[in-house]
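For reference, upload.txt (compact mmCIF, C-alpha atoms (C1' of nucleotides)):
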# COMPACT_ATOMS: atom_id res chain seq x y z
CA MET A 24 -130.10 -148.32 -21.34
CA SER A 25 -129.21 -144.86 -20.18
CA ASN A 26 -126.08 -146.06 -18.37
CA ALA A 27 -123.05 -143.99 -19.33
CA GLU A 28 -119.90 -146.11 -19.28
CA PRO A 29 -117.03 -144.13 -17.80
CA HIS A 30 -114.54 -146.43 -19.52
CA ALA A 31 -111.86 -145.12 -21.85
CA ASP A 32 -113.06 -144.60 -25.41
CA ASP A 33 -116.59 -145.73 -24.77
CA ALA A 34 -117.12 -142.67 -22.66
CA LEU A 35 -116.71 -140.48 -25.74
CA GLU A 36 -119.85 -139.54 -27.53
CA ALA A 37 -120.03 -141.21 -30.90
CA ARG A 38 -119.57 -137.85 -32.59
CA GLU A 39 -116.35 -137.16 -30.76
CA LYS A 40 -115.03 -140.61 -31.43
CA ILE A 41 -115.70 -140.24 -35.13
CA LEU A 42 -113.95 -136.89 -35.13
CA ALA A 43 -110.88 -138.15 -33.29
CA THR A 44 -110.62 -141.22 -35.49
CA ALA A 45 -111.04 -139.22 -38.67
CA ALA A 46 -108.44 -136.67 -37.57
CA ARG A 47 -105.94 -139.45 -36.99
CA LEU A 48 -106.63 -141.28 -40.23
CA PHE A 49 -106.66 -138.17 -42.42
CA ALA A 50 -103.35 -137.06 -40.93
CA GLU A 51 -101.80 -140.48 -41.37
CA GLN A 52 -103.08 -141.28 -44.83
CA GLY A 53 -104.38 -138.11 -46.42
CA TYR A 54 -107.85 -137.25 -47.65
CA GLU A 55 -108.08 -139.43 -50.74
CA ASN A 56 -106.62 -142.50 -49.09
CA THR A 57 -109.09 -142.43 -46.25
CA SER A 58 -112.59 -143.72 -46.94
CA ILE A 59 -115.67 -143.19 -44.84
CA SER A 60 -115.98 -146.95 -44.54
CA GLN A 61 -112.53 -147.07 -43.01
CA VAL A 62 -113.32 -144.33 -40.52
CA ALA A 63 -116.56 -146.10 -39.65
CA ARG A 64 -114.77 -149.39 -39.07
CA ALA A 65 -112.05 -147.79 -36.96
CA ALA A 66 -114.51 -145.78 -34.89
CA LYS A 67 -116.83 -148.78 -34.63
CA VAL A 68 -119.88 -147.00 -35.96
CA SER A 69 -121.85 -147.30 -39.18
CA LYS A 70 -121.15 -145.20 -42.25
CA ALA A 71 -124.64 -143.78 -42.03
CA LEU A 72 -123.94 -142.34 -38.62
CA ILE A 73 -120.99 -140.42 -39.95
CA PHE A 74 -123.18 -138.87 -42.61
CA TRP A 75 -125.82 -138.16 -39.98
CA TYR A 76 -123.35 -136.00 -38.05
CA PHE A 77 -121.19 -134.53 -40.79
CA GLU A 78 -123.30 -134.67 -43.98
CA THR A 79 -120.40 -135.02 -46.41
CA LYS A 80 -116.87 -136.35 -46.40
CA GLU A 81 -115.59 -132.85 -47.11
CA LYS A 82 -117.28 -131.42 -44.03
CA LEU A 83 -115.98 -134.25 -41.87
CA TYR A 84 -112.53 -133.43 -43.16
CA ARG A 85 -112.79 -129.75 -42.30
CA SER A 86 -114.08 -130.49 -38.83
CA ALA A 87 -111.25 -132.94 -38.26
CA LEU A 88 -108.64 -130.40 -39.36
CA ARG A 89 -110.08 -127.82 -37.02
CA LYS A 90 -109.85 -130.28 -34.17
CA THR A 91 -106.25 -131.06 -35.05
CA LEU A 92 -105.37 -127.38 -34.93
CA GLU A 93 -106.69 -126.90 -31.40
CA PRO A 94 -103.41 -127.58 -29.57
CA TYR A 95 -101.56 -125.28 -31.96
CA PHE A 96 -100.28 -122.29 -30.04
CA ILE A 97 -97.08 -121.00 -28.53
CA ASP A 98 -96.67 -120.33 -24.86
CA VAL A 99 -94.33 -117.43 -24.84
CA ASP A 100 -94.60 -116.29 -21.25
CA ASP A 101 -91.40 -117.93 -20.09
CA LEU A 102 -89.20 -115.50 -21.96
CA ASP A 103 -89.41 -112.94 -19.18
CA GLY A 104 -86.17 -112.11 -17.46
CA LEU A 105 -83.96 -113.50 -20.20
CA ASP A 106 -81.62 -111.32 -22.23
CA GLU A 107 -82.09 -111.14 -25.98
CA SER A 108 -79.71 -113.89 -26.93
CA ALA A 109 -81.17 -116.28 -24.36
CA GLN A 110 -84.65 -115.39 -25.62
CA ILE A 111 -83.69 -116.40 -29.12
CA THR A 112 -82.23 -119.67 -27.93
CA ARG A 113 -85.37 -120.33 -25.95
CA LEU A 114 -87.65 -119.53 -28.88
CA ILE A 115 -85.75 -121.90 -31.11
CA GLU A 116 -86.10 -124.61 -28.49
CA LEU A 117 -89.82 -123.92 -28.12
CA PHE A 118 -90.33 -124.21 -31.83
CA ALA A 119 -88.39 -127.46 -32.06
CA GLU A 120 -90.27 -128.83 -29.09
CA PHE A 121 -93.61 -127.91 -30.59
CA VAL A 122 -92.77 -129.65 -33.83
CA ARG A 123 -91.53 -132.71 -31.99
CA GLU A 124 -94.77 -132.94 -30.03
CA ASN A 125 -96.92 -132.61 -33.13
CA VAL A 126 -94.90 -134.52 -35.67
CA TYR A 127 -97.80 -136.22 -37.37
CA SER A 128 -100.03 -133.23 -37.82
CA VAL A 129 -97.23 -130.80 -38.63
CA ARG A 130 -96.00 -133.19 -41.27
CA PHE A 131 -99.54 -133.44 -42.59
CA PHE A 132 -100.16 -129.70 -42.75
CA LEU A 133 -96.83 -129.20 -44.41
CA SER A 134 -97.62 -131.63 -47.19
CA LEU A 135 -101.06 -130.03 -47.45
CA MET A 136 -99.51 -126.63 -48.02
CA LEU A 137 -97.02 -128.04 -50.46
CA GLN A 138 -99.71 -129.46 -52.68
CA GLY A 139 -101.25 -126.01 -52.49
CA GLU A 140 -103.41 -124.70 -55.33
CA ARG A 141 -106.22 -125.68 -52.99
CA GLN A 142 -108.78 -123.70 -51.12
CA PRO A 143 -107.61 -120.39 -49.64
CA ASP A 144 -108.30 -122.42 -46.57
CA GLU A 145 -108.91 -121.16 -43.08
CA VAL A 146 -106.54 -123.89 -41.98
CA ILE A 147 -103.71 -122.68 -44.13
CA ARG A 148 -104.33 -119.16 -42.91
CA ARG A 149 -104.24 -120.27 -39.32
CA VAL A 150 -100.91 -122.03 -39.74
CA SER A 151 -99.42 -119.13 -41.66
CA GLU A 152 -100.57 -116.77 -38.98
CA LEU A 153 -98.91 -118.79 -36.23
CA TYR A 154 -95.73 -118.94 -38.23
CA GLY A 155 -95.82 -115.21 -38.83
CA VAL A 156 -96.33 -114.43 -35.15
CA PHE A 157 -93.30 -116.52 -34.34
CA ARG A 158 -91.12 -114.86 -36.94
CA ASN A 159 -92.17 -111.37 -35.93
CA LEU A 160 -91.45 -112.14 -32.32
CA LEU A 161 -87.99 -113.23 -33.33
CA ALA A 162 -87.50 -110.07 -35.38
CA ASP A 163 -88.60 -107.89 -32.47
CA ILE A 164 -86.13 -109.56 -30.16
CA ILE A 165 -83.30 -109.10 -32.64
CA GLU A 166 -84.20 -105.45 -33.11
CA SER A 167 -84.31 -104.92 -29.37
CA GLY A 168 -80.92 -106.60 -28.96
CA ARG A 169 -79.50 -104.43 -31.70
CA LEU A 170 -80.73 -101.26 -30.04
CA ARG A 171 -79.26 -102.33 -26.73
CA GLY A 172 -75.90 -102.93 -28.35
CA ILE A 173 -75.86 -106.68 -27.71
CA PHE A 174 -76.13 -107.55 -31.37
CA ARG A 175 -74.13 -106.08 -34.19
CA GLN A 176 -75.46 -102.81 -35.52
CA ASP A 177 -75.53 -103.94 -39.15
CA CYS A 178 -77.87 -106.86 -38.62
CA SER A 179 -81.26 -106.82 -40.29
CA PRO A 180 -83.95 -108.00 -37.86
CA LYS A 181 -86.53 -109.07 -40.42
CA LEU A 182 -84.07 -110.84 -42.67
CA ASP A 183 -82.19 -112.45 -39.84
CA ALA A 184 -85.41 -113.65 -38.30
CA ALA A 185 -86.52 -115.08 -41.64
CA LEU A 186 -83.19 -116.82 -42.05
CA ILE A 187 -83.36 -118.39 -38.62
CA MET A 188 -86.89 -119.60 -39.34
CA ALA A 189 -85.84 -121.02 -42.68
CA ALA A 190 -82.88 -122.85 -41.17
CA LEU A 191 -85.12 -124.13 -38.41
CA ASP A 192 -87.63 -125.37 -40.94
CA GLY A 193 -84.90 -127.06 -42.89
CA VAL A 194 -83.48 -128.84 -39.87
CA LEU A 195 -86.85 -130.00 -38.65
CA ILE A 196 -88.00 -131.12 -42.04
CA GLN A 197 -84.91 -133.24 -42.40
CA ASN A 198 -86.12 -135.18 -39.40
CA PHE A 199 -89.31 -135.95 -41.28
CA LEU A 200 -87.52 -137.27 -44.29
CA SER A 201 -85.81 -140.54 -44.88
CA ASP A 202 -83.30 -141.40 -42.17
CA GLU A 203 -80.46 -141.02 -44.63
CA PHE A 204 -80.68 -137.26 -44.18
CA VAL A 205 -80.24 -137.21 -40.49
CA HIS A 206 -76.78 -137.15 -38.99
CA GLU A 207 -77.49 -136.39 -35.38
CA PRO A 208 -80.82 -134.59 -35.11
CA ASN A 209 -79.97 -132.55 -32.06
CA GLU A 210 -76.38 -131.93 -33.03
CA LEU A 211 -77.49 -129.99 -36.08
CA LEU A 212 -80.07 -128.06 -34.10
CA ASP A 213 -77.40 -127.05 -31.55
CA HIS A 214 -75.12 -126.01 -34.35
CA LEU A 215 -77.90 -123.88 -35.76
CA LYS A 216 -78.43 -122.15 -32.44
CA SER A 217 -74.81 -121.38 -31.77
CA SER A 218 -73.89 -120.58 -35.35
CA LEU A 219 -76.67 -118.12 -36.06
CA LEU A 220 -76.49 -116.54 -32.65
CA ASN A 221 -72.76 -116.04 -32.94
CA ARG A 222 -73.37 -114.41 -36.25
CA LEU A 223 -75.60 -111.86 -34.52
CA LEU A 224 -73.29 -111.35 -31.58
CA ALA A 225 -70.05 -110.95 -33.53
CA ALA A 226 -68.83 -107.57 -32.37
CA SER A 227 -67.86 -105.04 -35.00
CA HIS A 228 -65.22 -103.21 -33.02
CA MET B 29 -99.71 -146.54 -92.89
CA SER B 30 -96.04 -146.48 -92.09
CA ASN B 31 -95.77 -142.72 -92.45
CA ALA B 32 -94.13 -141.12 -89.46
CA GLU B 33 -95.43 -137.63 -88.85
CA PRO B 34 -92.64 -135.35 -87.73
CA HIS B 35 -95.10 -132.97 -86.12
CA ALA B 36 -94.93 -132.06 -82.46
CA ASP B 37 -96.67 -134.50 -80.16
CA ASP B 38 -97.92 -136.77 -82.87
CA ALA B 39 -94.36 -137.80 -83.53
CA LEU B 40 -94.17 -139.37 -80.09
CA GLU B 41 -94.93 -143.02 -79.88
CA ALA B 42 -98.14 -143.62 -77.99
CA ARG B 43 -96.19 -145.19 -75.17
CA GLU B 44 -94.03 -142.11 -74.72
CA LYS B 45 -97.00 -139.82 -74.88
CA ILE B 46 -98.78 -141.77 -72.19
CA LEU B 47 -95.68 -141.66 -70.03
CA ALA B 48 -95.16 -137.93 -70.43
CA THR B 49 -98.82 -137.19 -69.77
CA ALA B 50 -98.92 -139.44 -66.74
CA ALA B 51 -95.74 -137.93 -65.30
CA ARG B 52 -97.26 -134.47 -65.59
CA LEU B 53 -100.62 -135.38 -64.10
CA PHE B 54 -99.22 -137.43 -61.24
CA ALA B 55 -96.88 -134.60 -60.29
CA GLU B 56 -99.65 -132.02 -60.49
CA GLN B 57 -102.39 -133.96 -58.74
CA GLY B 58 -100.85 -136.90 -56.94
CA TYR B 59 -101.45 -140.60 -57.41
CA GLU B 60 -104.93 -140.95 -55.96
CA ASN B 61 -106.33 -137.89 -57.68
CA THR B 62 -105.21 -139.02 -61.10
CA SER B 63 -107.31 -141.65 -62.82
CA ILE B 64 -106.34 -143.78 -65.78
CA SER B 65 -109.34 -142.38 -67.62
CA GLN B 66 -107.99 -138.89 -67.14
CA VAL B 67 -104.56 -139.87 -68.42
CA ALA B 68 -106.19 -141.59 -71.37
CA ARG B 69 -108.24 -138.53 -72.21
CA ALA B 70 -105.27 -136.16 -71.88
CA ALA B 71 -102.99 -138.38 -73.92
CA LYS B 72 -105.75 -139.02 -76.44
CA VAL B 73 -105.58 -142.80 -76.27
CA SER B 74 -107.91 -145.40 -74.85
CA LYS B 75 -107.68 -146.68 -71.30
CA ALA B 76 -107.08 -150.17 -72.61
CA LEU B 77 -103.94 -149.06 -74.39
CA ILE B 78 -102.49 -147.79 -71.15
CA PHE B 79 -103.05 -151.18 -69.56
CA TRP B 80 -101.57 -152.81 -72.62
CA TYR B 81 -98.29 -151.00 -72.07
CA PHE B 82 -98.14 -150.69 -68.30
CA GLU B 83 -100.36 -153.47 -66.94
CA THR B 84 -101.37 -151.69 -63.73
CA LYS B 85 -101.77 -148.15 -62.52
CA GLU B 86 -99.04 -148.76 -59.97
CA LYS B 87 -96.52 -149.73 -62.67
CA LEU B 88 -97.46 -146.74 -64.78
CA TYR B 89 -96.82 -144.59 -61.75
CA ARG B 90 -93.38 -146.03 -61.14
CA SER B 91 -92.41 -145.65 -64.77
CA ALA B 92 -93.59 -142.06 -64.74
CA LEU B 93 -91.58 -141.24 -61.61
CA ARG B 94 -88.47 -142.72 -63.16
CA LYS B 95 -88.99 -140.54 -66.21
CA THR B 96 -89.44 -137.47 -64.04
CA LEU B 97 -86.13 -138.16 -62.32
CA GLU B 98 -84.16 -138.26 -65.56
CA PRO B 99 -83.21 -134.57 -65.62
CA TYR B 100 -82.17 -134.73 -61.98
CA PHE B 101 -78.44 -134.16 -61.78
CA ILE B 102 -76.01 -131.41 -60.90
CA ASP B 103 -73.50 -130.06 -63.34
CA VAL B 104 -70.62 -129.25 -61.15
CA ASP B 105 -67.89 -128.67 -63.69
CA ASP B 106 -68.07 -124.90 -63.59
CA LEU B 107 -66.55 -124.67 -60.14
CA ASP B 108 -63.02 -124.86 -61.55
CA GLY B 109 -60.85 -121.85 -60.97
CA LEU B 110 -62.98 -120.40 -58.19
CA ASP B 111 -61.73 -120.03 -54.65
CA GLU B 112 -63.58 -121.84 -51.88
CA SER B 113 -65.91 -119.06 -50.92
CA ALA B 114 -66.89 -118.42 -54.52
CA GLN B 115 -67.44 -122.15 -54.97
CA ILE B 116 -69.88 -122.19 -52.09
CA THR B 117 -71.76 -119.22 -53.46
CA ARG B 118 -71.90 -120.91 -56.84
CA LEU B 119 -73.14 -124.18 -55.38
CA ILE B 120 -75.92 -122.42 -53.53
CA GLU B 121 -76.94 -120.70 -56.74
CA LEU B 122 -76.87 -123.98 -58.65
CA PHE B 123 -79.09 -125.61 -56.07
CA ALA B 124 -81.57 -122.75 -56.09
CA GLU B 125 -81.58 -122.72 -59.87
CA PHE B 126 -82.18 -126.44 -60.04
CA VAL B 127 -85.15 -126.18 -57.70
CA ARG B 128 -86.54 -123.24 -59.64
CA GLU B 129 -86.32 -125.18 -62.89
CA ASN B 130 -88.03 -128.23 -61.43
CA VAL B 131 -90.55 -126.64 -59.11
CA TYR B 132 -93.38 -128.99 -59.87
CA SER B 133 -91.53 -132.25 -59.54
CA VAL B 134 -89.38 -131.14 -56.60
CA ARG B 135 -92.49 -130.09 -54.78
CA PHE B 136 -94.05 -133.41 -55.63
CA PHE B 137 -91.11 -135.52 -54.47
CA LEU B 138 -90.90 -133.51 -51.31
CA SER B 139 -94.51 -134.16 -50.40
CA LEU B 140 -93.96 -137.80 -51.36
CA MET B 141 -91.10 -138.09 -48.90
CA LEU B 142 -93.06 -136.27 -46.24
CA GLN B 143 -95.91 -138.75 -46.39
CA GLY B 144 -93.24 -141.39 -46.04
CA GLU B 145 -94.09 -144.76 -44.49
CA ARG B 146 -94.28 -145.86 -48.08
CA GLN B 147 -92.16 -148.13 -50.15
CA PRO B 148 -88.43 -148.03 -49.42
CA ASP B 149 -88.58 -146.69 -52.90
CA GLU B 150 -85.83 -146.49 -55.43
CA VAL B 151 -87.08 -142.99 -56.10
CA ILE B 152 -86.60 -141.85 -52.54
CA ARG B 153 -83.16 -143.39 -52.54
CA ARG B 154 -82.23 -141.61 -55.72
CA VAL B 155 -83.27 -138.22 -54.39
CA SER B 156 -81.53 -138.82 -51.05
CA GLU B 157 -78.39 -139.80 -52.90
CA LEU B 158 -78.38 -136.62 -54.96
CA TYR B 159 -78.93 -134.57 -51.87
CA GLY B 160 -76.09 -136.36 -50.10
CA VAL B 161 -73.68 -135.80 -52.96
CA PHE B 162 -74.45 -132.12 -52.84
CA ARG B 163 -73.94 -131.85 -49.12
CA ASN B 164 -70.70 -133.80 -49.18
CA LEU B 165 -69.38 -131.59 -51.95
CA LEU B 166 -70.15 -128.59 -49.81
CA ALA B 167 -68.43 -130.17 -46.82
CA ASP B 168 -65.33 -130.94 -48.88
CA ILE B 169 -65.10 -127.35 -50.05
CA ILE B 170 -65.42 -126.03 -46.52
CA GLU B 171 -62.77 -128.44 -45.30
CA SER B 172 -60.46 -127.41 -48.10
CA GLY B 173 -61.03 -123.73 -47.30
CA ARG B 174 -60.32 -124.38 -43.67
CA LEU B 175 -57.02 -126.10 -44.46
CA ARG B 176 -55.99 -123.25 -46.70
CA GLY B 177 -56.68 -120.75 -43.97
CA ILE B 178 -59.49 -118.99 -45.79
CA PHE B 179 -62.14 -120.15 -43.35
CA ARG B 180 -61.92 -120.07 -39.59
CA GLN B 181 -60.11 -122.98 -38.03
CA ASP B 182 -62.92 -123.87 -35.65
CA CYS B 183 -65.54 -124.48 -38.28
CA SER B 184 -66.97 -127.94 -38.65
CA PRO B 185 -67.26 -128.89 -42.34
CA LYS B 186 -69.94 -131.55 -42.00
CA LEU B 187 -72.11 -129.56 -39.63
CA ASP B 188 -71.67 -126.31 -41.49
CA ALA B 189 -72.52 -128.01 -44.75
CA ALA B 190 -75.61 -129.57 -43.19
CA LEU B 191 -76.67 -126.19 -41.82
CA ILE B 192 -76.29 -124.49 -45.17
CA MET B 193 -78.33 -127.21 -46.81
CA ALA B 194 -81.02 -126.95 -44.15
CA ALA B 195 -81.23 -123.19 -44.52
CA LEU B 196 -81.34 -123.57 -48.28
CA ASP B 197 -84.15 -126.10 -47.99
CA GLY B 198 -86.02 -123.79 -45.68
CA VAL B 199 -85.74 -120.81 -47.97
CA LEU B 200 -86.74 -122.74 -51.05
CA ILE B 201 -89.63 -124.46 -49.35
CA GLN B 202 -91.00 -121.11 -48.26
CA ASN B 203 -91.34 -120.26 -51.93
CA PHE B 204 -93.56 -123.31 -52.34
CA LEU B 205 -95.85 -122.33 -49.55
CA SER B 206 -98.58 -119.76 -49.38
CA ASP B 207 -97.47 -116.33 -50.51
CA GLU B 208 -97.84 -114.98 -47.02
CA PHE B 209 -94.50 -116.55 -46.15
CA VAL B 210 -92.51 -114.89 -48.84
CA HIS B 211 -91.03 -111.47 -48.22
CA GLU B 212 -88.72 -111.11 -51.16
CA PRO B 213 -87.70 -114.53 -52.41
CA ASN B 214 -84.27 -113.54 -53.65
CA GLU B 215 -83.55 -111.14 -50.87
CA LEU B 216 -83.66 -113.93 -48.35
CA LEU B 217 -81.53 -116.17 -50.52
CA ASP B 218 -78.91 -113.43 -50.82
CA HIS B 219 -78.99 -112.92 -47.10
CA LEU B 220 -78.44 -116.64 -46.62
CA LYS B 221 -75.41 -116.60 -48.89
CA SER B 222 -73.71 -113.61 -47.33
CA SER B 223 -74.68 -114.45 -43.76
CA LEU B 224 -73.51 -118.03 -43.71
CA LEU B 225 -70.41 -117.29 -45.75
CA ASN B 226 -69.42 -114.46 -43.45
CA ARG B 227 -69.84 -116.79 -40.56
CA LEU B 228 -67.26 -119.10 -42.14
CA LEU B 229 -64.91 -116.30 -43.09
CA ALA B 230 -64.97 -114.41 -39.80
CA ALA B 231 -61.33 -114.30 -38.85
CA SER B 232 -60.42 -115.38 -35.35
CA HIS B 233 -57.53 -113.04 -34.81
C1' DG C 23 -101.24 -151.86 -81.21
C1' DT C 24 -105.42 -149.87 -80.72
C1' DC C 25 -110.04 -149.82 -80.00
C1' DT C 26 -115.22 -150.66 -77.79
C1' DA C 27 -117.71 -152.96 -74.53
C1' DT C 28 -117.99 -155.01 -70.25
C1' DA C 29 -116.87 -157.10 -65.59
C1' DT C 30 -116.03 -156.17 -60.89
C1' DA C 31 -115.23 -153.58 -56.81
C1' DC C 32 -115.81 -150.02 -53.87
C1' DA C 33 -116.47 -145.15 -53.13
C1' DG C 34 -119.85 -141.47 -51.30
C1' DA C 35 -124.40 -140.85 -50.15
C1' DT C 36 -129.66 -141.90 -49.09
C1' DA C 37 -133.99 -144.41 -47.30
C1' DG C 38 -136.26 -146.02 -43.84
C1' DA C 39 -136.75 -149.34 -39.77
C1' DC C 40 -135.96 -149.19 -34.87
C1' DG D 30 -129.17 -141.42 -32.74
C1' DT D 31 -128.01 -145.60 -34.67
C1' DC D 32 -128.52 -149.20 -37.66
C1' DT D 33 -129.11 -152.32 -42.37
C1' DA D 34 -129.94 -152.23 -47.01
C1' DT D 35 -129.55 -149.98 -51.17
C1' DC D 36 -128.71 -146.50 -54.91
C1' DT D 37 -125.51 -144.38 -58.07
C1' DG D 38 -121.29 -143.12 -59.81
C1' DT D 39 -116.70 -144.01 -61.12
C1' DA D 40 -112.36 -146.53 -60.57
C1' DT D 41 -109.17 -150.34 -62.13
C1' DA D 42 -108.84 -153.93 -65.04
C1' DT D 43 -110.18 -157.57 -68.82
C1' DA D 44 -112.20 -159.68 -73.23
C1' DG D 45 -112.24 -159.75 -77.63
C1' DA D 46 -112.96 -157.40 -82.35
C1' DC D 47 -110.15 -155.15 -85.84

Transcribe the structure of this file into structure tokens.
Amino acid sequence: MSNAEPHADDALEAREKILATAARLFAEQGYENTSISQVARAAKVSKALIFWYFETKEKLYRSALRKTLEPYFIDVDDLDGLDESAQITRLIELFAEFVRENVYSVRFFLSLMLQGERQPDEVIRRVSELYGVFRNLLADIIESGRLRGIFRQDCSPKLDAALIMAALDGVLIQNFLSDEFVHEPNELLDHLKSSLLNRLLAASH
Amino acid sequence: MSNAEPHADDALEAREKILATAARLFAEQGYENTSISQVARAAKVSKALIFWYFETKEKLYRSALRKTLEPYFIDVDDLDGLDESAQITRLIELFAEFVRENVYSVRFFLSLMLQGERQPDEVIRRVSELYGVFRNLLADIIESGRLRGIFRQDCSPKLDAALIMAALDGVLIQNFLSDEFVHEPNELLDHLKSSLLNRLLAASH
DNA sequence: GTCTATATACAGATAGAC
DNA sequence: GTCTATCTGTATATAGAC
């Protein structure tokens, strides 16, 4: 009876399995469209067990969101040794890559934040924070490039960073939407990189 | 009995009142979070009457979406007499204005399209179509400006139009999100206009 | 056309055996 | 810890009176 099966999913404790299943279903279908019964069926446990571990649907939801956020971070170490304009290119690529690797949950959090009006949620704060870090990093790089004379003197680090982020958002969101929006996903992203970078570089002499 | 009251809401036929109420509630709360009972209460009719007119909740929903889309169009006549760069500025302003005037429903449709996977809905198609018209108009203007030597010869009308749209989306979406994202809503929009226009204008001599 | 009353289904949540 | 059985509320939808 006390044999632990090292096989695939069975090796997960029931609690973990519930959590993983719930995270997936909530992200795919939203809170209202996902019932405890459905989670129970998919995780192959009884409804009662879910309530045993998580007490209410709301608490299960929060725990699942927290789990989903775990892989959310930016690894920014590999910017060393690059000049400012290469750093910006790299950051844009990192961002795009991150979104590509987390399509489902990013899409989910985005629609969460759009509905808004909700809880001043820890989750929302966490995502905002990450976004802010990214934008500030970008602004710092632009400022540094401006001081070193690589970028035009009349650029505005904070605004330019915000604009790049906005354009990036726009491009990536288009990939989420109906296919009719997308011309060539990567073509537009490349255009964004070169176009906005050139704008910064354009010498004023 | 056949007296028609010309007063405010009472003048609306029950059917219209149900439709208007439902459109508002669906847009504010989403489909799952809006019950027929709630619509009935808000529209001051009985649940049964709603089923009398619309048969199912699903059909009520579709009718309500169609009604919400009615004011969705762009009035593009006032571009006459402007040169290409002024036309672009004007178009950007029109787009921003449109979004500002339809915050609730735009936000709603956006989160609808994000959840995706749904019906290959007429609604989605309609919105995509409008968006496409806008982008193509922008591309045509850029092309025309390029031919007339106002814009740089090496610009790419379709890509530049797509980039402007993406940036515009990004900026406007930030206004939907948690306040922490917003620096100065209009400041960023202005920066977008001047920055991307300058990029097109930048002479190559 | 509009209502009240009711049928039916399924949601979240609990009790209690094992 | 995990289950079956059950409670309770509320949702969509229908029947039938007026």

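Between CA of Ile97 (chain A) and CA of Leu153 (chain A) the interatomic distance comes to 8.2 Å.
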
Seminar exercise, completed: Residue with the minimum atom-to-atom distance to Glu56 (chain B), picked from B:Val151, B:Ser139, B:Leu217, B:Asp168 with all atoms listed in the file counted, is B:Ser139

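In plain terms, chain B touches chain D through Glu60, Asn61, Thr62, Ser63, Ile64, Ser65, Gln66, Lys75, Ala76, Leu77, Ile78, Phe79, Trp80, Phe82, Glu83, Thr84, Lys85 and Glu86 of chain B, where touching means an atom at most 12 Å away, counting all atoms listed in the file.
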
For this session: Could you please tell me, as a count of residues only, which residues of chain C have an atom within 10 Å of chain A when using all atoms listed in the file?
Result: 5

Exercise answer, chain B residues close to chain A, 9 Å and all atoms listed in the file, as a compact mmCIF listing (two decimals) with C-alpha atoms, in the frame of the given file:
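File written: iface-v3.txt
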# COMPACT_ATOMS: atom_id res chain seq x y z
CA GLU B 56 -99.65 -132.02 -60.49
CA GLN B 57 -102.39 -133.96 -58.74
CA GLY B 58 -100.85 -136.90 -56.94
CA GLU B 60 -104.93 -140.95 -55.96
CA ASN B 61 -106.33 -137.89 -57.68
CA ARG B 135 -92.49 -130.09 -54.78
CA PHE B 136 -94.05 -133.41 -55.63
CA LEU B 138 -90.90 -133.51 -51.31
CA SER B 139 -94.51 -134.16 -50.40
CA LEU B 140 -93.96 -137.80 -51.36
CA MET B 141 -91.10 -138.09 -48.90
CA LEU B 142 -93.06 -136.27 -46.24
CA GLN B 143 -95.91 -138.75 -46.39
CA GLY B 144 -93.24 -141.39 -46.04
CA ILE B 152 -86.60 -141.85 -52.54
CA ARG B 153 -83.16 -143.39 -52.54
CA SER B 156 -81.53 -138.82 -51.05
CA GLU B 157 -78.39 -139.80 -52.90
CA TYR B 159 -78.93 -134.57 -51.87
CA GLY B 160 -76.09 -136.36 -50.10
CA LEU B 187 -72.11 -129.56 -39.63
CA ASP B 188 -71.67 -126.31 -41.49
CA ALA B 190 -75.61 -129.57 -43.19
CA LEU B 191 -76.67 -126.19 -41.82
CA ILE B 192 -76.29 -124.49 -45.17
CA MET B 193 -78.33 -127.21 -46.81
CA ALA B 194 -81.02 -126.95 -44.15
CA ALA B 195 -81.23 -123.19 -44.52
CA LEU B 196 -81.34 -123.57 -48.28
CA ASP B 197 -84.15 -126.10 -47.99
CA GLY B 198 -86.02 -123.79 -45.68
CA VAL B 199 -85.74 -120.81 -47.97
CA LEU B 200 -86.74 -122.74 -51.05
CA ILE B 201 -89.63 -124.46 -49.35
CA GLN B 202 -91.00 -121.11 -48.26
CA PHE B 204 -93.56 -123.31 -52.34
CA LEU B 205 -95.85 -122.33 -49.55
CA SER B 206 -98.58 -119.76 -49.38
CA GLU B 208 -97.84 -114.98 -47.02
CA PHE B 209 -94.50 -116.55 -46.15
CA HIS B 211 -91.03 -111.47 -48.22
CA GLU B 215 -83.55 -111.14 -50.87
CA LEU B 216 -83.66 -113.93 -48.35
CA LEU B 217 -81.53 -116.17 -50.52
CA HIS B 219 -78.99 -112.92 -47.10
CA LEU B 220 -78.44 -116.64 -46.62
CA SER B 223 -74.68 -114.45 -43.76
CA LEU B 224 -73.51 -118.03 -43.71
CA ASN B 226 -69.42 -114.46 -43.45
CA ARG B 227 -69.84 -116.79 -40.56
CA ALA B 230 -64.97 -114.41 -39.80

For this session: Enter the distance from CA of Arg64 (chain A) to CA of Lys40 (chain A), in Å, rounded to one decimal.
Result: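 Separation between CA of Arg64 (chain A) and CA of Lys40 (chain A): 11.6 Å.
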
For this session: Quick one: pull the distance between CA of Gly173 (chain B) and CA of Ala189 (chain B), Å, one decimal.
Result: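 Straight-line distance from CA of Gly173 (chain B) to CA of Ala189 (chain B) works out to 12.5 Å.
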